[in-house]
Amino acid sequence: MTPQSETGMKERETKRGDIVRIREEWLDPGEDGSITYVVLEDRGNGRVLVQALGTGLPLAPTYVYDIAWLRYAGTVPSKMYEQIF
């Protein structure tokens, strides 16, 4: 059985507040995969809107990714939920 932190997003239901990382095979050259993202909403057709976490930028970057490119890395703690959403 695959540990939950390594579960691909196709293998589980995505929901708002999930923490995800880009799967290694989808990283651009030079990226180390350390950036985490929070799922903001399901865009349908296997795509989600995500926002980068911990960038230090006043407006964190957002992206739409195919869920096959992502792996589950946890859930936003309830005390942080209101700050993000």
# chains A, B, ... in the order shown; residues from 1 in each chain; ligands from 1
call {"tool": "residues_around", "arguments": {"residues": "A:Leu53", "least_positions_apart": "6", "cutoff": "10 Å", "atoms": "only C-alpha atoms", "output": "number ranges by chain"}}
result
A: 19, 35-38, 60-62, 84
call {"tool": "atom_distance", "arguments": {"atom1": "atom CA of A:Asp32", "atom2": "atom CA of A:Tyr63"}}
result
17.8 Å
call {"tool": "residues_around", "arguments": {"residues": "A:Val48", "least_positions_apart": "6", "cutoff": "8 Å", "atoms": "only C-alpha atoms", "output": "MDAnalysis selection string"}}
result
chainID A and resid 39:42 64:67
call {"tool": "closest_residue", "arguments": {"among": "A:Leu49, A:Arg43, A:Thr55, A:Gly30", "to": "A:Gly17", "atoms": "only C-alpha atoms"}}
result
A:Leu49
call {"tool": "closest_residue", "arguments": {"among": "A:Val20, A:Gly46, A:Ala52, A:Leu27", "to": "A:Ala68", "atoms": "only C-alpha atoms"}}
result
A:Gly46
call {"tool": "atom_distance", "arguments": {"atom1": "atom CA of A:Pro77", "atom2": "atom CA of A:Arg47"}}
result
23.0 Å
call {"tool": "decode", "arguments": {"residues": "stretch 11-76 of chain A", "atoms": "C-alpha atoms", "output": "compact mmCIF listing (two decimals), in the first residue's frame"}}
result
# COMPACT_ATOMS: atom_id res chain seq x y z
CA GLU A 11 -6.10 7.80 -6.60
CA ARG A 12 -8.10 9.98 -4.20
CA GLU A 13 -10.74 12.68 -4.29
CA THR A 14 -9.25 16.17 -4.38
CA LYS A 15 -10.79 18.77 -2.17
CA ARG A 16 -10.26 22.35 -1.14
CA GLY A 17 -7.53 22.58 1.48
CA ASP A 18 -5.45 19.62 0.27
CA ILE A 19 -1.70 20.25 0.28
CA VAL A 20 0.00 18.95 -2.87
CA ARG A 21 3.41 18.84 -4.54
CA ILE A 22 4.33 18.44 -8.20
CA ARG A 23 5.18 14.84 -9.07
CA GLU A 24 8.88 14.42 -9.87
CA GLU A 25 8.29 13.45 -13.50
CA TRP A 26 6.50 16.78 -14.13
CA LEU A 27 9.09 19.12 -12.59
CA ASP A 28 10.91 21.56 -14.85
CA PRO A 29 14.70 21.13 -15.15
CA GLY A 30 16.39 22.62 -12.08
CA GLU A 31 13.33 22.40 -9.83
CA ASP A 32 13.68 20.33 -6.67
CA GLY A 33 9.99 19.77 -5.93
CA SER A 34 10.13 21.51 -2.55
CA ILE A 35 7.31 23.98 -3.26
CA THR A 36 3.98 23.01 -1.75
CA TYR A 37 0.61 24.16 -2.99
CA VAL A 38 -2.88 24.32 -1.51
CA VAL A 39 -5.88 23.31 -3.61
CA LEU A 40 -8.24 26.28 -3.87
CA GLU A 41 -10.91 24.75 -6.10
CA ASP A 42 -11.73 21.94 -8.48
CA ARG A 43 -11.86 23.29 -12.05
CA GLY A 44 -13.37 20.12 -13.50
CA ASN A 45 -12.01 17.81 -16.19
CA GLY A 46 -9.28 16.57 -13.84
CA ARG A 47 -7.83 20.04 -13.16
CA VAL A 48 -7.48 22.04 -9.94
CA LEU A 49 -6.59 25.62 -9.09
CA VAL A 50 -3.67 25.70 -6.64
CA GLN A 51 -1.78 28.43 -4.80
CA ALA A 52 1.90 28.22 -3.83
CA LEU A 53 2.61 28.22 -0.07
CA GLY A 54 5.53 29.79 1.76
CA THR A 55 6.79 31.95 -1.09
CA GLY A 56 7.10 35.13 0.98
CA LEU A 57 5.47 37.05 -1.86
CA PRO A 58 2.63 39.48 -1.09
CA LEU A 59 0.50 37.78 -3.76
CA ALA A 60 1.24 34.07 -3.96
CA PRO A 61 1.26 32.58 -7.47
CA THR A 62 -1.71 30.47 -8.53
CA TYR A 63 -1.79 27.81 -11.22
CA VAL A 64 -4.21 25.36 -12.80
CA TYR A 65 -2.71 21.86 -12.86
CA ASP A 66 -3.86 18.49 -14.09
CA ILE A 67 -4.38 16.30 -11.03
CA ALA A 68 -2.19 13.60 -12.60
CA TRP A 69 0.78 15.99 -12.14
CA LEU A 70 0.25 16.24 -8.37
CA ARG A 71 0.78 14.10 -5.32
CA TYR A 72 -1.04 14.47 -2.03
CA ALA A 73 1.09 15.88 0.82
CA GLY A 74 -1.46 16.60 3.57
CA THR A 75 -4.28 18.92 4.52
CA VAL A 76 -4.25 22.53 5.66
